[in-house]
Amino acid sequence: MAAVLVAALLGGVVGYALGRPDPIEASVAQLRQADAERDARQIVELTELAHRTGEQLAPIVRGLRQDAEAGRVPDRAQVDAWQQTMRQLAAQFADPPSGMTATNVARGGLRGAVDQAAVAVDSVALALAGPPAGRTELMTLAARQATLAASTWSVAATQLDQINVDAGHGHQHVHLDVGDVEGALGPDGSAEGTGG
């Protein structure tokens, strides 16, 4: 009788040990869930930021490229306004939260595009401040920088579109409306919000 009792007790202990949830696995699952929820929020916030930023960035990139193509330098007031806007746009990306890799890549690409556009605007300021003889070359350089900014933005916008689809938000297109840009990726043609 004692042997049966010991065997039953041992069986119960072994059964409990094997059947109970592993606390480490449970902790890992909770961490993964928390990361996924945080990333889902970050994707929405980054998409909203990209829309707002793109609305302010596109006219600058487009205007700068048009001025360069026309062989003109914008006036000081225009350049000052562009520089002020670029400082504000860059500040939005200054202290990014840490997210999942795909979200970090999209955010980093958008930030790189904003930084490149800021350099383009600074080049226009240099053209304006310098002697008239070198202005055309500096404007050409600024236009190339603005084109690179638009191209970089297009890659980040494509990444952001994909992570929105993956997160169930559907397609979210934040590509810049700046005209044709060689090497830039365009929106995929899917309706906004579909495919999630």
# chains A, B, ... in the order shown; residues from 1 in each chain; ligands from 1

$ residues_around --residues "stretch 147-152 of chain A" --least-positions-apart "3" --cutoff "9 Å" --atoms "only C-alpha atoms" --output "PyMOL selection string"
chain A and resi 58+61+65+109-110+112-118+120+142-144+155-157+175-176+178+181-185

$ select_by_dssp --residues "stretch 65-139 of chain A" --states "helix (DSSP H, G or I)" --output "ChimeraX atom specification"
/A:65-70,76-92,101-129,132-139

$ write_last_selection --atoms "C-alpha atoms" --output "mmCIF file, in the first residue's frame"
data_model
loop_
_atom_site.group_PDB
_atom_site.id
_atom_site.type_symbol
_atom_site.label_atom_id
_atom_site.label_comp_id
_atom_site.auth_asym_id
_atom_site.auth_seq_id
_atom_site.Cartn_x
_atom_site.Cartn_y
_atom_site.Cartn_z
ATOM 1 C CA ARG A 65 14.632 70.557 -59.079
ATOM 2 C CA GLN A 66 12.495 72.869 -61.227
ATOM 3 C CA ASP A 67 14.661 75.872 -60.366
ATOM 4 C CA ALA A 68 17.812 73.955 -61.281
ATOM 5 C CA GLU A 69 16.317 72.751 -64.559
ATOM 6 C CA ALA A 70 15.322 76.338 -65.414
ATOM 7 C CA ARG A 76 16.809 84.378 -50.116
ATOM 8 C CA ALA A 77 13.316 84.325 -48.536
ATOM 9 C CA GLN A 78 12.474 81.059 -50.324
ATOM 10 C CA VAL A 79 15.748 79.417 -49.321
ATOM 11 C CA ASP A 80 15.353 80.555 -45.702
ATOM 12 C CA ALA A 81 11.838 79.094 -45.616
ATOM 13 C CA TRP A 82 13.097 75.801 -47.088
ATOM 14 C CA GLN A 83 15.920 75.611 -44.542
ATOM 15 C CA GLN A 84 13.514 76.282 -41.671
ATOM 16 C CA THR A 85 11.173 73.540 -42.894
ATOM 17 C CA MET A 86 14.040 71.087 -43.349
ATOM 18 C CA ARG A 87 15.237 71.712 -39.771
ATOM 19 C CA GLN A 88 11.730 70.968 -38.502
ATOM 20 C CA LEU A 89 11.417 67.825 -40.601
ATOM 21 C CA ALA A 90 14.829 66.541 -39.529
ATOM 22 C CA ALA A 91 13.992 67.171 -35.856
ATOM 23 C CA GLN A 92 11.056 64.747 -36.115
ATOM 24 C CA THR A 101 14.041 45.601 -37.905
ATOM 25 C CA ALA A 102 11.640 46.196 -40.806
ATOM 26 C CA THR A 103 10.188 49.269 -39.110
ATOM 27 C CA ASN A 104 13.648 50.574 -38.234
ATOM 28 C CA VAL A 105 14.705 50.187 -41.877
ATOM 29 C CA ALA A 106 11.704 52.204 -43.096
ATOM 30 C CA ARG A 107 12.287 54.912 -40.478
ATOM 31 C CA GLY A 108 16.017 55.056 -41.255
ATOM 32 C CA GLY A 109 15.333 55.399 -44.979
ATOM 33 C CA LEU A 110 12.868 58.235 -44.445
ATOM 34 C CA ARG A 111 15.324 59.978 -42.155
ATOM 35 C CA GLY A 112 18.135 59.544 -44.684
ATOM 36 C CA ALA A 113 15.961 61.068 -47.394
ATOM 37 C CA VAL A 114 15.112 64.070 -45.206
ATOM 38 C CA ASP A 115 18.790 64.559 -44.345
ATOM 39 C CA GLN A 116 19.759 64.370 -48.025
ATOM 40 C CA ALA A 117 17.086 66.913 -48.956
ATOM 41 C CA ALA A 118 18.396 69.206 -46.204
ATOM 42 C CA VAL A 119 21.867 68.989 -47.749
ATOM 43 C CA ALA A 120 20.337 69.872 -51.137
ATOM 44 C CA VAL A 121 18.707 72.969 -49.656
ATOM 45 C CA ASP A 122 21.984 73.932 -47.975
ATOM 46 C CA SER A 123 23.655 73.651 -51.379
ATOM 47 C CA VAL A 124 21.097 76.102 -52.774
ATOM 48 C CA ALA A 125 21.919 78.473 -49.900
ATOM 49 C CA LEU A 126 25.603 78.202 -50.836
ATOM 50 C CA ALA A 127 24.759 78.947 -54.455
ATOM 51 C CA LEU A 128 22.848 82.021 -53.395
ATOM 52 C CA ALA A 129 25.614 83.237 -51.071
ATOM 53 C CA PRO A 132 27.142 84.312 -59.599
ATOM 54 C CA ALA A 133 29.735 82.474 -61.693
ATOM 55 C CA GLY A 134 29.416 79.218 -59.687
ATOM 56 C CA ARG A 135 25.679 79.224 -59.072
ATOM 57 C CA THR A 136 24.681 77.039 -61.983
ATOM 58 C CA GLU A 137 27.039 74.247 -60.902
ATOM 59 C CA LEU A 138 25.868 74.424 -57.287
ATOM 60 C CA MET A 139 22.225 74.345 -58.374
#

$ closest_atom_pairs --of "stretch 70-167 of chain A" --to "stretch 24-45 of chain A" --cutoff "7 Å" --atoms "only C-alpha atoms" --output "JSON lines"
{"residue": "A:Gly99", "atom": "CA", "partner": "A:Asp39", "partner_atom": "CA", "distance": 5.9}
{"residue": "A:Met100", "atom": "CA", "partner": "A:Asp39", "partner_atom": "CA", "distance": 6.3}
{"residue": "A:Thr103", "atom": "CA", "partner": "A:Ile43", "partner_atom": "CA", "distance": 6.7}
{"residue": "A:Asn164", "atom": "CA", "partner": "A:Ile43", "partner_atom": "CA", "distance": 6.7}
{"residue": "A:Ala167", "atom": "CA", "partner": "A:Ala40", "partner_atom": "CA", "distance": 6.5}

$ write_last_selection --atoms "N, CA, C and O atoms" --output "short mmCIF file (atom, residue, chain, number, x, y, z; two decimals), in the first residue's frame"
data_model
loop_
_atom_site.label_atom_id
_atom_site.label_comp_id
_atom_site.auth_asym_id
_atom_site.auth_seq_id
_atom_site.Cartn_x
_atom_site.Cartn_y
_atom_site.Cartn_z
N GLY A 99 12.46 49.84 -32.76
CA GLY A 99 11.36 48.98 -33.19
C GLY A 99 11.90 47.70 -33.80
O GLY A 99 13.08 47.39 -33.68
N MET A 100 11.02 46.98 -34.45
CA MET A 100 11.43 45.77 -35.15
C MET A 100 12.29 46.19 -36.36
O MET A 100 12.21 47.32 -36.83
N THR A 103 10.65 47.92 -39.41
CA THR A 103 10.19 49.27 -39.11
C THR A 103 11.37 50.22 -38.98
O THR A 103 11.33 51.35 -39.47
N ASN A 164 3.11 47.86 -43.51
CA ASN A 164 1.69 48.12 -43.25
C ASN A 164 0.83 46.96 -43.70
O ASN A 164 -0.08 46.54 -42.98
N ALA A 167 1.30 44.11 -41.33
CA ALA A 167 0.68 44.35 -40.02
C ALA A 167 -0.85 44.35 -40.10
O ALA A 167 -1.52 44.51 -39.08
#

$ closest_residue --among "A:Gln56, A:Phe93, A:Gly63, A:Thr47" --to "A:Gly179" --atoms "only C-alpha atoms"
A:Gly63

$ closest_residue --among "A:Gly54, A:Gly189, A:Gly71, A:Pro59" --to "A:Thr140" --atoms "only C-alpha atoms"
A:Gly71

$ closest_residue --among "A:Arg72, A:Arg52, A:Leu64, A:Trp153" --to "A:Gly186" --atoms "only C-alpha atoms"
A:Trp153

$ atom_distance --atom1 "atom CA of A:Val174" --atom2 "atom CA of A:Leu160"
8.1 Å

$ atom_distance --atom1 "atom CA of A:Gln162" --atom2 "atom CA of A:Ala50"
14.1 Å

$ atom_distance --atom1 "atom CA of A:Pro187" --atom2 "atom CA of A:Gln172"
9.0 Å

$ closest_residue --among "A:Asp75, A:Asp95, A:Glu48, A:Asp188" --to "A:Ser154" --atoms "only C-alpha atoms"
A:Asp188

$ decode --residues "stretch 112-125 of chain A" --atoms "N, CA and C atoms" --output "mmCIF file, in the first residue's frame"
data_model
loop_
_atom_site.group_PDB
_atom_site.id
_atom_site.type_symbol
_atom_site.label_atom_id
_atom_site.label_comp_id
_atom_site.auth_asym_id
_atom_site.auth_seq_id
_atom_site.Cartn_x
_atom_site.Cartn_y
_atom_site.Cartn_z
ATOM 1 N N GLY A 112 17.047 59.308 -43.742
ATOM 2 C CA GLY A 112 18.135 59.544 -44.684
ATOM 3 C C GLY A 112 17.697 60.440 -45.831
ATOM 4 N N ALA A 113 16.479 60.236 -46.306
ATOM 5 C CA ALA A 113 15.961 61.068 -47.394
ATOM 6 C C ALA A 113 15.797 62.517 -46.938
ATOM 7 N N VAL A 114 15.278 62.710 -45.736
ATOM 8 C CA VAL A 114 15.112 64.070 -45.206
ATOM 9 C C VAL A 114 16.478 64.733 -45.051
ATOM 10 N N ASP A 115 17.443 64.001 -44.511
ATOM 11 C CA ASP A 115 18.790 64.559 -44.345
ATOM 12 C C ASP A 115 19.405 64.938 -45.693
ATOM 13 N N GLN A 116 19.213 64.087 -46.702
ATOM 14 C CA GLN A 116 19.759 64.370 -48.025
ATOM 15 C C GLN A 116 19.091 65.600 -48.633
ATOM 16 N N ALA A 117 17.790 65.728 -48.446
ATOM 17 C CA ALA A 117 17.086 66.913 -48.956
ATOM 18 C C ALA A 117 17.569 68.174 -48.243
ATOM 19 N N ALA A 118 17.867 68.050 -46.947
ATOM 20 C CA ALA A 118 18.396 69.206 -46.204
ATOM 21 C C ALA A 118 19.746 69.631 -46.767
ATOM 22 N N VAL A 119 20.572 68.676 -47.131
ATOM 23 C CA VAL A 119 21.867 68.989 -47.749
ATOM 24 C C VAL A 119 21.641 69.691 -49.096
ATOM 25 N N ALA A 120 20.650 69.230 -49.849
ATOM 26 C CA ALA A 120 20.337 69.872 -51.137
ATOM 27 C C ALA A 120 19.946 71.333 -50.932
ATOM 28 N N VAL A 121 19.127 71.594 -49.938
ATOM 29 C CA VAL A 121 18.707 72.969 -49.656
ATOM 30 C C VAL A 121 19.899 73.809 -49.195
ATOM 31 N N ASP A 122 20.775 73.213 -48.392
ATOM 32 C CA ASP A 122 21.984 73.932 -47.975
ATOM 33 C C ASP A 122 22.869 74.266 -49.173
ATOM 34 N N SER A 123 22.893 73.371 -50.159
ATOM 35 C CA SER A 123 23.655 73.651 -51.379
ATOM 36 C C SER A 123 23.068 74.834 -52.140
ATOM 37 N N VAL A 124 21.746 74.952 -52.137
ATOM 38 C CA VAL A 124 21.097 76.102 -52.774
ATOM 39 C C VAL A 124 21.483 77.376 -52.029
ATOM 40 N N ALA A 125 21.515 77.303 -50.692
ATOM 41 C CA ALA A 125 21.919 78.473 -49.900
ATOM 42 C C ALA A 125 23.352 78.877 -50.243
#
